[in-house]
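Reading through the structure tokens given below for one structure.
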Amino acid sequence: MKNIKSKRNSYKLFFNFFFLIFIYCNPIFALENESQSIENNIKINDNWKIILNKASGKTIFFHAWGGAKNINSYIKWASKEVMQRYNIKVNHVKISDTSNVVARILSEKTAGKHKNGAVDLIWINGENFSFMQKHKLLFKDNWIMNLPETNNMDFISNPSLLNDFGIPTNGMEMPWGVSQLNFYYDSKYLKYPPKSVIELKKYIINNKGRFTFPQPPDFVGTSFLKQVLIELIEDKSVLKSTYVKDRHEDLLTPLWSWLNDVTPFLWRKGINYPTNYMSLTQLVADREIDIGMAFNIAHASNAISEGRLPKTIRGYIHKKGTLANVHFLSIPYNSSKKAASQVFINFLISPEAQIKKQNKDIWGDPSVLSMNKMLPEWKNKFKNLSKGIATLSNEELQLKLEEPHPSWVKVIESKWIETVSYTHLRAHETDSYL
């Protein structure tokens, strides 16, 4: 009797073993996760066909900064490609201040214009995104996950793609590129550039008139002020929280003290400032100042290849790192061309468009795509991209500083404007620096 039971148990175990093998190996019984993944891809493909049909024949107005020739040329190329492939016309509306565009969208909402908005797509990040999110001026949550090319991004390994200045994007804006504040100098005249704001302060005072920065609220100018604050403030973690005047006002004192000390020794005594980083580049080229700065890591190399800067220019960042962030593409809630905008965005994040954008001779803006998620052929193409002579390597750019919460930006900008007004008055009262 025991032998019979033992044989039955053996048969039972044998049957269960082969049943499990059959379940896991037979394609009819796919794993639950794999099945779910296939279903999701089918849904994306079906939705994408609908979006493509809606997009054809439409014209979209893409509001993006227009201050750099190479960026404008890149957008022109992308627009031409989308016209040929999808019959979508893209009008690049060149802007100088994104906040003005955001204000226009808010004005339309206030006036009850919830359809046919003037802005179909906007290049954005930071405070402007925070403002649009707060006032519900953005297209729905997680629309970026419905675009096929999003599959080439790794949001788990790179969570910054879903965070804008520390604020969760909730999938309401598409990552487009990675930026980091970097400095450059002419190695023919300057051997050892200052690599901290403490060293920079000494350099400015000892080299009168040889340093300046773009005038805030220009993005790079404001970013430089944030860089100074981050390096000087003791508790950097506090910058991640919302600015509260009663709690945080005194924490800005090191920044204002630093500026008060250096301003009289800046280019043109700190009375005048270049309008943006392109103007700053010209000052370096003309040998009026010694150090330039940009948020595009390939900017100096691009300027060299275009003949706007000498070949002896070299790049660097500060010892403890520099400010870094992701820039995004967003669709306003009241755009009536959402489908066409999504098709254009999908092309802009494709490997083809991203590798052209990262090319040092085109733009030099680092890609947001994951090398591990792309097809081998594209992975190899990215790997073989050469960098410019003044462009830092990925290893050299490893030290990155997080952006402060957007609420700190307006406080810094408004206080700086007050400081500049005071400086103007002081400059007329005394002329102690010659």
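Quick note on naming: the chains in the structure tokens go A, B, ... in the order shown, residues restart at 1 in each chain, and ligands are numbered from 1 in order of appearance.
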
Please identify every residue of range 231-337 of chain A that has at least one atom no farther than 7 Å from an atom of range 389-401 of chain A, counting only C-alpha atoms, and for each give the shortest atom pair and the distance in Å to one decimal, arranged by chain then increasing number, as a Markdown table.
| residue | atom | partner | partner_atom | distance |
| --- | --- | --- | --- | --- |
| A:Ile297 | CA | A:Thr391 | CA | 6.0 |
| A:Ala298 | CA | A:Thr391 | CA | 5.3 |
| A:Ala300 | CA | A:Ala390 | CA | 6.0 |
| A:Ser301 | CA | A:Ala390 | CA | 5.0 |
| A:Ile313 | CA | A:Ala390 | CA | 6.2 |
| A:Arg314 | CA | A:Ala390 | CA | 4.4 |
| A:Gly315 | CA | A:Ala390 | CA | 5.0 |
| A:Tyr316 | CA | A:Leu392 | CA | 6.9 |
| A:Lys320 | CA | A:Leu399 | CA | 6.4 |
| A:Gly321 | CA | A:Leu399 | CA | 4.3 |
| A:Thr322 | CA | A:Leu401 | CA | 5.2 |
| A:Leu323 | CA | A:Leu401 | CA | 4.5 |
| A:Ala324 | CA | A:Lys400 | CA | 5.7 |

| Exercise: Ile75 in chain A partners within 10 Å, only C-alpha atoms, chain neighbours under 6 positions left out, as a list in words |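 Result of the neighbour search: Phe62, Ala64, Gly66, Glu81, Val90, Asn91, His92, Leu348 and Lys357 of chain A.
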
Store the residues of this selection in a file with C-alpha atoms, as a PDB file, in the first residue's frame.
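Produced file again.pdb, reproduced below:
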ATOM      1  CA  PHE A  62       6.355  76.256 -31.512  1.00  0.00           C
ATOM      2  CA  ALA A  64      11.131  78.506 -28.348  1.00  0.00           C
ATOM      3  CA  GLY A  66      15.505  82.129 -30.722  1.00  0.00           C
ATOM      4  CA  GLU A  81      11.668  66.625 -41.658  1.00  0.00           C
ATOM      5  CA  VAL A  90       5.963  73.909 -37.737  1.00  0.00           C
ATOM      6  CA  ASN A  91       6.285  77.653 -37.260  1.00  0.00           C
ATOM      7  CA  HIS A  92       9.146  78.471 -34.901  1.00  0.00           C
ATOM      8  CA  LEU A 348      12.440  65.408 -31.564  1.00  0.00           C
ATOM      9  CA  LYS A 357      21.148  67.596 -31.632  1.00  0.00           C
TER      10      LYS A 357
END

| said: Neighbouring residues of range 229-233 of chain A were defined as those with any atom within 12 Å, considering only C-alpha atoms; residues of the same chain fewer than 2 positions away were excluded. Please report them as a ChimeraX atom specification. | reply: /A:195-201,222-227,235-240,248,250-259,318-323,400-405,408-409,412

| request: Report the residues of range 78-284 of chain A whose backbone DSSP state falls under helix (DSSP H, G or I), written as JSON, numbers by chain. | output: {"A": [78, 79, 80, 81, 82, 83, 84, 85, 86, 98, 99, 100, 101, 102, 103, 104, 105, 106, 107, 108, 109, 110, 127, 128, 129, 130, 131, 132, 133, 134, 143, 144, 145, 146, 148, 149, 150, 151, 152, 159, 160, 161, 162, 197, 198, 199, 200, 201, 202, 203, 204, 205, 206, 219, 220, 221, 222, 223, 224, 225, 226, 227, 228, 229, 230, 231, 232, 236, 237, 238, 239, 240, 245, 246, 247, 248, 249, 250, 251, 252, 253, 254, 255, 256, 257, 258, 259, 260, 261, 262, 263, 264, 265, 267, 268, 269, 270, 277, 278, 279, 280, 281, 282, 283, 284]}

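For the residues A:Ala339, A:Ser330, A:Tyr203, A:Tyr86, ranking by smallest atom-to-atom distance to His63 in chain A using only C-alpha atoms places A:Ser330 first.
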
| Surrounding residues of range 335-337 of chain A excluding itself and chain neighbours under 5 positions, 6 Å, only C-alpha atoms, as a list in words |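 Counting only C-alpha atoms, the residues come to Lys115, Asn116, Gly117 and Asp120 of chain A.
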
| message | Which residues are near Ile345 in chain A? Cut-off 10 Å, only C-alpha atoms, ignore same chain within fewer than 6 positions. Put them as JSON, numbers by chain. | response | {"A": [78, 82, 121, 144, 147, 149, 174, 175, 176, 329, 330, 331, 339]}

Writer output for current selection, N, CA and C atoms, as a compact mmCIF listing (two decimals), in the first residue's frame:
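result.txt written:
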# COMPACT_ATOMS: atom_id res chain seq x y z
N ALA A 78 14.47 70.09 -38.17
CA ALA A 78 13.47 69.18 -37.62
C ALA A 78 12.08 69.49 -38.19
N VAL A 82 9.62 66.88 -40.36
CA VAL A 82 8.26 66.55 -39.94
C VAL A 82 7.25 66.90 -41.03
N LEU A 121 3.02 74.64 -28.65
CA LEU A 121 4.15 73.91 -28.07
C LEU A 121 5.13 74.94 -27.52
N ILE A 144 3.13 62.00 -22.13
CA ILE A 144 4.42 61.64 -22.73
C ILE A 144 4.59 60.13 -22.84
N LEU A 147 3.75 58.29 -26.33
CA LEU A 147 4.56 58.48 -27.52
C LEU A 147 5.52 57.30 -27.71
N GLU A 149 8.48 56.85 -29.07
CA GLU A 149 9.91 57.04 -28.82
C GLU A 149 10.25 57.19 -27.33
N MET A 174 7.79 66.77 -21.84
CA MET A 174 8.70 65.76 -22.38
C MET A 174 10.15 66.20 -22.24
N PRO A 175 11.01 65.38 -21.63
CA PRO A 175 12.43 65.71 -21.57
C PRO A 175 13.00 65.85 -22.98
N TRP A 176 13.80 66.91 -23.22
CA TRP A 176 14.33 67.16 -24.55
C TRP A 176 15.86 67.17 -24.56
N LEU A 329 9.75 69.96 -23.22
CA LEU A 329 8.76 70.45 -24.19
C LEU A 329 7.37 70.22 -23.61
N SER A 330 6.55 71.27 -23.61
CA SER A 330 5.20 71.16 -23.05
C SER A 330 4.14 71.64 -24.03
N ILE A 331 2.94 71.11 -23.86
CA ILE A 331 1.80 71.48 -24.69
C ILE A 331 0.78 72.19 -23.81
N ALA A 339 -2.40 66.87 -31.21
CA ALA A 339 -1.94 65.69 -31.93
C ALA A 339 -0.69 66.02 -32.75

| field | Pairwise distance for CA of Asn325 in chain A and CA of Gly364 in chain A, rounded to one decimal in Å | value |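 Separating CA of Asn325 in chain A from CA of Gly364 in chain A is a distance of 15.4 Å.
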
| query | What residues in range 168-351 of chain A get the DSSP label strand (DSSP E or B)? Please answer as number ranges by chain. | reply | A: 168, 173-180, 182-186, 291-294, 313-316, 322-330, 332

| query | What is the distance, in Å and to one decimal place, between CA of Gln342 in chain A and CA of Gln180 in chain A? | reply | 26.4 Å

| field | Within 12 Å of Ala303 in chain A using only C-alpha atoms, minus same-chain residues under 4 positions, as JSON, numbers by chain | value | {"A": [68, 69, 70, 184, 277, 278, 280, 281, 282, 284, 285, 292, 294, 296, 297, 298, 299, 307, 308, 309, 310, 311, 312, 313, 314, 360, 361, 362, 363, 364, 388, 389, 390, 391]}

File of the preceding selection, C-alpha atoms, as an mmCIF file, in the first residue's frame:
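Written out: out_16.cif:
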data_model
loop_
_atom_site.group_PDB
_atom_site.id
_atom_site.type_symbol
_atom_site.label_atom_id
_atom_site.label_comp_id
_atom_site.auth_asym_id
_atom_site.auth_seq_id
_atom_site.Cartn_x
_atom_site.Cartn_y
_atom_site.Cartn_z
ATOM 1 C CA ALA A 68 21.204 81.119 -31.028
ATOM 2 C CA LYS A 69 21.761 80.584 -34.751
ATOM 3 C CA ASN A 70 22.718 76.916 -34.403
ATOM 4 C CA TYR A 184 35.293 78.823 -20.659
ATOM 5 C CA TYR A 277 25.327 84.348 -23.060
ATOM 6 C CA MET A 278 25.754 85.071 -26.781
ATOM 7 C CA LEU A 280 28.993 87.371 -23.319
ATOM 8 C CA THR A 281 30.692 85.247 -25.987
ATOM 9 C CA GLN A 282 31.385 88.334 -28.066
ATOM 10 C CA VAL A 284 35.331 87.092 -24.648
ATOM 11 C CA ALA A 285 36.115 87.110 -28.363
ATOM 12 C CA GLY A 292 32.476 83.243 -20.428
ATOM 13 C CA ALA A 294 26.822 78.960 -20.969
ATOM 14 C CA ASN A 296 25.104 74.291 -23.342
ATOM 15 C CA ILE A 297 28.249 72.229 -22.762
ATOM 16 C CA ALA A 298 29.180 72.447 -26.461
ATOM 17 C CA HIS A 299 28.633 76.191 -26.813
ATOM 18 C CA GLY A 307 34.999 81.234 -36.057
ATOM 19 C CA ARG A 308 33.493 83.323 -33.256
ATOM 20 C CA LEU A 309 36.020 82.226 -30.635
ATOM 21 C CA PRO A 310 39.746 81.379 -30.968
ATOM 22 C CA LYS A 311 40.971 77.773 -30.950
ATOM 23 C CA THR A 312 42.768 78.352 -27.641
ATOM 24 C CA ILE A 313 39.454 78.503 -25.741
ATOM 25 C CA ARG A 314 38.999 75.744 -23.139
ATOM 26 C CA LYS A 360 29.036 69.206 -31.678
ATOM 27 C CA ASP A 361 28.803 70.792 -35.144
ATOM 28 C CA ILE A 362 25.016 71.155 -34.937
ATOM 29 C CA TRP A 363 24.019 71.993 -31.349
ATOM 30 C CA GLY A 364 25.969 69.828 -28.909
ATOM 31 C CA GLY A 388 34.706 69.666 -29.545
ATOM 32 C CA ILE A 389 38.072 70.860 -28.251
ATOM 33 C CA ALA A 390 36.474 73.048 -25.551
ATOM 34 C CA THR A 391 33.770 70.542 -24.568
#
